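Chemist: Pasting a structure here, questions to come.
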Amino acid sequence: MKEKLYRAGDIFSRSVGLILFFILWEAAPRLGWVRSTYLAPPSRVFGALWLLALRGELARHALISLRRVMLGLLVSVAVGVVLGLFIGYFRRIDRILDLLFQAFRQMSAFALFPVFILLFGLGELSKTIIIFWASLWPVLLNTSSGVKNVDPVLIRSAKSMGASKAFIFINIIIPAAAPEIFTGIRLGGSYCVMAVVAAEMIGASSGLGYLVLYSEETFNVPEMYGGIVGLAILGIGLNWILHRAEKYFTSWKEV
Amino acid sequence: MAKIQARGVNREFQIRNTLGRKERLKVLEGFDLDINEGEFLSLLGPSGCGKSTFLSILAGLDKYDGGDILVDGRQLQERSFSRGIVFQSYALLPWRTVIKNLEVGLEIRHIPKHERRRTARQYLELVGLAAFENQYPHQLSGGMKQRIAIARVLAYQPDLLLMDEPFAALDAQTRENLQIELLRIWETDKKTIVFVTHSIDEAILMSDRVAFMSARPGHIKEIIEIDLPRPRTEDIRNSAEFAKIRKNLWGMLQDEVLKVQSYGGYL
């Protein structure tokens, strides 16, 4: 009983900021601090969200966004981890490519979106590519840095026992680099959610990003904020899933 | 025939000096040493004398530039299943439980799973940590970690044990316990041990012979037989014989340390 109370208190104290924010948000348009045509109070936003959900539109847009995010993230994890392991393992290749990759990492996916549209058209392909580009670099660079940072004494120890290079790579280097790889994947995941919005605002007819832009254009302000809230929930949900996966695979780490 | 014969071994590294120029650093020069089957031999010398470098070479982790090293009469192999090394920093895999850490060497040798587990348990018992098999290394103290590292090496039964200042990072009490424990384990099967240390007391307590190295470029300056009776216990430190050997070694070490200082240190 005491423990339950304690946990409830803990959840409450962590939510204070959020609750205060919603109160302020509700008050601002109602008390006339901001014009309610521009800022809909959360009560109306959640009402709009509820109607969207009833019409099945919320699920449709959210699932499409989620699918785009997952596809982009999956490809960038596959490419980024494999390439990152390879680059981190071969120091010479890393030396050659490091500066180039650092430059690519700084290059905004949004700035490149017109280029992707030119090259790949307005369809799903260029949307997947912008999401892929946004999340590839943190995955790749964290993976290669994880490989480079493996404690050399672990490798020396395995080598002294007569381990082959393949054994060392699979049983020492990959597990030792796993925590950094997961940091990269989580970072990549949140970049994906940002990139999907941009992708859905240009030449799209579905997705939460489209919903936000379309509602703004048709002056359905509560629905617009509903889309934004939906995107926030998508991001939080994805981060939660990735966090759980990370904890599962690196449960050995000391806390 | 000696188990290990090192003849005129040289090793030099290229380093950059304080001015950024490339410079050759001779770590070992004309290093000669015979190590007998089943003996406990310590390499003792001032810091930077190359004792760890020689151990790395024996472990197949470092190359040498000249001379010959024979193991059982054959050229030293870079990859081998017959030697094991214990590092000062334990080198346990943090993502594996204790028992799975003990199994690493057995996995490398493709020993079947059930046999791996049985052997690992047996050696875990030998070092008195059977109750900790499912713990992770970060949950253990330094002394326990080093016990696990020793058990891991013993579990795959190498015939040459290399130890690179294995107890240097431990507190005094734990160090003394582990010294006696290692002696107890060694007495049961008398594997050849090459033990690097910079502690004179440790070298005397443990060894059959102490190979004393000069300051860099390192070579064997003198070999001292330790005739103290076995099995040895803590009490032997208080014997007159022990004190005599210690005094003798102290003098030698002092000379080498002074030599290093008159060079203006190293690196």
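Residue numbering restarts at 1 for every chain of the structure tokens, chains are lettered A, B, ... in their displayed order, and ligands are numbered from 1 as they appear.
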For range 181-191 of chain B, please output as a PyMOL selection string all residues within 7 Å (counting only C-alpha atoms; exclusion window: fewer than 3 positions along the same chain).
Modeler: chain B and resi 38+159-160+177-178+206
Chemist: Check the DSSP output for the backbone and give back, as a ChimeraX atom specification, the residues of range 12-230 of chain B in strand (DSSP E).
Modeler: /B:12-16,22-35,40-44,66-71,74-75,83-86,160-164,192-197,209-213,220-225
Chemist: Quick one: residues within 9 Å of Ala130 in chain B, only C-alpha atoms, excluding same-chain residues fewer than 6 positions away - as a PyMOL selection string?
Modeler: chain B and resi 99+121-124
Chemist: For chain B, work out the contacting residues on chain A at 9 Å, counting only C-alpha atoms, and write them as a list in words.
Modeler: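 Taken together, these residues fit the definition: Asp151, Val153, Leu154, Ile155, Arg156, Ser157, Ala158, Lys159, Ser160, Met161, Gly162, Ala163, Ser164, Phe167, Ile172, Pro175, Ala176, Thr250, Ser251, Trp252, Lys253 and Glu254 of chain A.
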Chemist: Can you build me a table of range 162-224 of chain A residues sitting at most 10 Å from range 97-117 of chain A, with the closest atom pair per residue and its distance in Å to one decimal, using only C-alpha atoms, sorted by chain and residue number, as a tab-separated table?
Modeler:
```
residue	atom	partner	partner_atom	distance
A:Tyr191	CA	A:Ala109	CA	9.6
A:Met194	CA	A:Phe110	CA	9.8
A:Ala195	CA	A:Ala109	CA	7.3
A:Ala198	CA	A:Phe110	CA	7.0
A:Ala199	CA	A:Phe113	CA	7.9
A:Ile202	CA	A:Phe113	CA	9.3
A:Gly203	CA	A:Ile117	CA	9.5
```
Chemist: If you run DSSP on the backbone, which residues of range 36-235 of chain B are alpha helix (DSSP H), as a VMD selection string?
Modeler: chain B and resid 51 to 58 98 to 102 104 to 108 113 to 126 142 to 155 172 to 189 200 to 206
Chemist: Neighbours of Leu28 in chain B within 8 Å (only C-alpha atoms; same-chain residues fewer than 2 positions away dropped), as number ranges by chain?
Modeler: B: 9-12, 26, 30-31, 49-50, 54, 216-219
Chemist: How would the residues just picked look written out with N, CA and C atoms as a CSV table (one decimal), in the first residue's frame?
Modeler:
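Just written: selection.csv:
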```
chain,number,residue,atom,x,y,z
B,9,VAL,N,66.8,-11.8,-27.9
B,9,VAL,CA,65.5,-11.1,-28.4
B,9,VAL,C,65.7,-9.6,-28.3
B,10,ASN,N,65.3,-9.0,-29.5
B,10,ASN,CA,65.3,-7.5,-29.5
B,10,ASN,C,63.9,-7.1,-29.8
B,11,ARG,N,63.6,-5.9,-29.3
B,11,ARG,CA,62.3,-5.3,-29.6
B,11,ARG,C,62.4,-3.8,-29.5
B,12,GLU,N,62.1,-3.1,-30.6
B,12,GLU,CA,62.1,-1.7,-30.6
B,12,GLU,C,60.8,-1.1,-31.1
B,26,LYS,N,64.6,1.4,-28.0
B,26,LYS,CA,64.9,0.0,-27.8
B,26,LYS,C,64.3,-0.5,-26.4
B,30,GLY,N,69.1,-8.0,-26.7
B,30,GLY,CA,69.9,-9.1,-26.2
B,30,GLY,C,69.3,-9.8,-25.0
B,31,PHE,N,68.0,-10.0,-25.1
B,31,PHE,CA,67.3,-10.7,-24.0
B,31,PHE,C,67.4,-12.2,-24.1
B,49,CYS,N,61.1,-1.4,-18.0
B,49,CYS,CA,62.3,-2.1,-18.4
B,49,CYS,C,62.0,-3.2,-19.5
B,50,GLY,N,60.7,-3.3,-19.9
B,50,GLY,CA,60.3,-4.2,-20.9
B,50,GLY,C,59.9,-5.6,-20.5
B,54,PHE,N,58.0,-8.4,-23.0
B,54,PHE,CA,58.4,-9.8,-23.2
B,54,PHE,C,57.2,-10.7,-23.0
B,216,ARG,N,66.0,-0.1,-19.2
B,216,ARG,CA,65.9,-0.2,-20.7
B,216,ARG,C,67.2,0.3,-21.3
B,217,PRO,N,67.6,-0.4,-22.5
B,217,PRO,CA,67.0,-1.5,-23.1
B,217,PRO,C,67.1,-2.8,-22.2
B,218,GLY,N,66.0,-3.5,-22.0
B,218,GLY,CA,65.9,-4.5,-21.0
B,218,GLY,C,66.6,-5.8,-21.5
B,219,HIS,N,67.3,-6.4,-20.5
B,219,HIS,CA,67.8,-7.7,-20.7
B,219,HIS,C,67.9,-8.3,-19.3
```
Chemist: So which residues touch Val81 in chain A within 7 Å, counting only C-alpha atoms, skipping near sequence neighbours fewer than 5 positions away, as a list of chain:residue names?
Modeler: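 In the requested form, the answer reads A:Val139, A:Leu140, A:Thr143.
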Chemist: Could you dump the residues just selected with N, CA and C atoms as a short mmCIF file (atom, residue, chain, number, x, y, z; two decimals), in the first residue's frame?
Modeler:
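Final output, saved to again05.cif:
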```cif
data_model
loop_
_atom_site.label_atom_id
_atom_site.label_comp_id
_atom_site.auth_asym_id
_atom_site.auth_seq_id
_atom_site.Cartn_x
_atom_site.Cartn_y
_atom_site.Cartn_z
N VAL A 139 23.26 6.54 -36.61
CA VAL A 139 23.43 5.09 -36.45
C VAL A 139 24.83 4.69 -36.89
N LEU A 140 25.22 5.14 -38.06
CA LEU A 140 26.51 4.73 -38.62
C LEU A 140 27.68 5.23 -37.77
N THR A 143 27.89 3.57 -34.36
CA THR A 143 28.36 2.19 -34.47
C THR A 143 29.88 2.15 -34.66
#
```
Chemist: With only C-alpha atoms as the basis for distance, which of B:Met1, B:Asp65, B:Glu29, B:Ile180 is at the shortest distance from Glu234 in chain B?
Modeler: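 Selected residue with least distance to Glu234 in chain B: B:Ile180.
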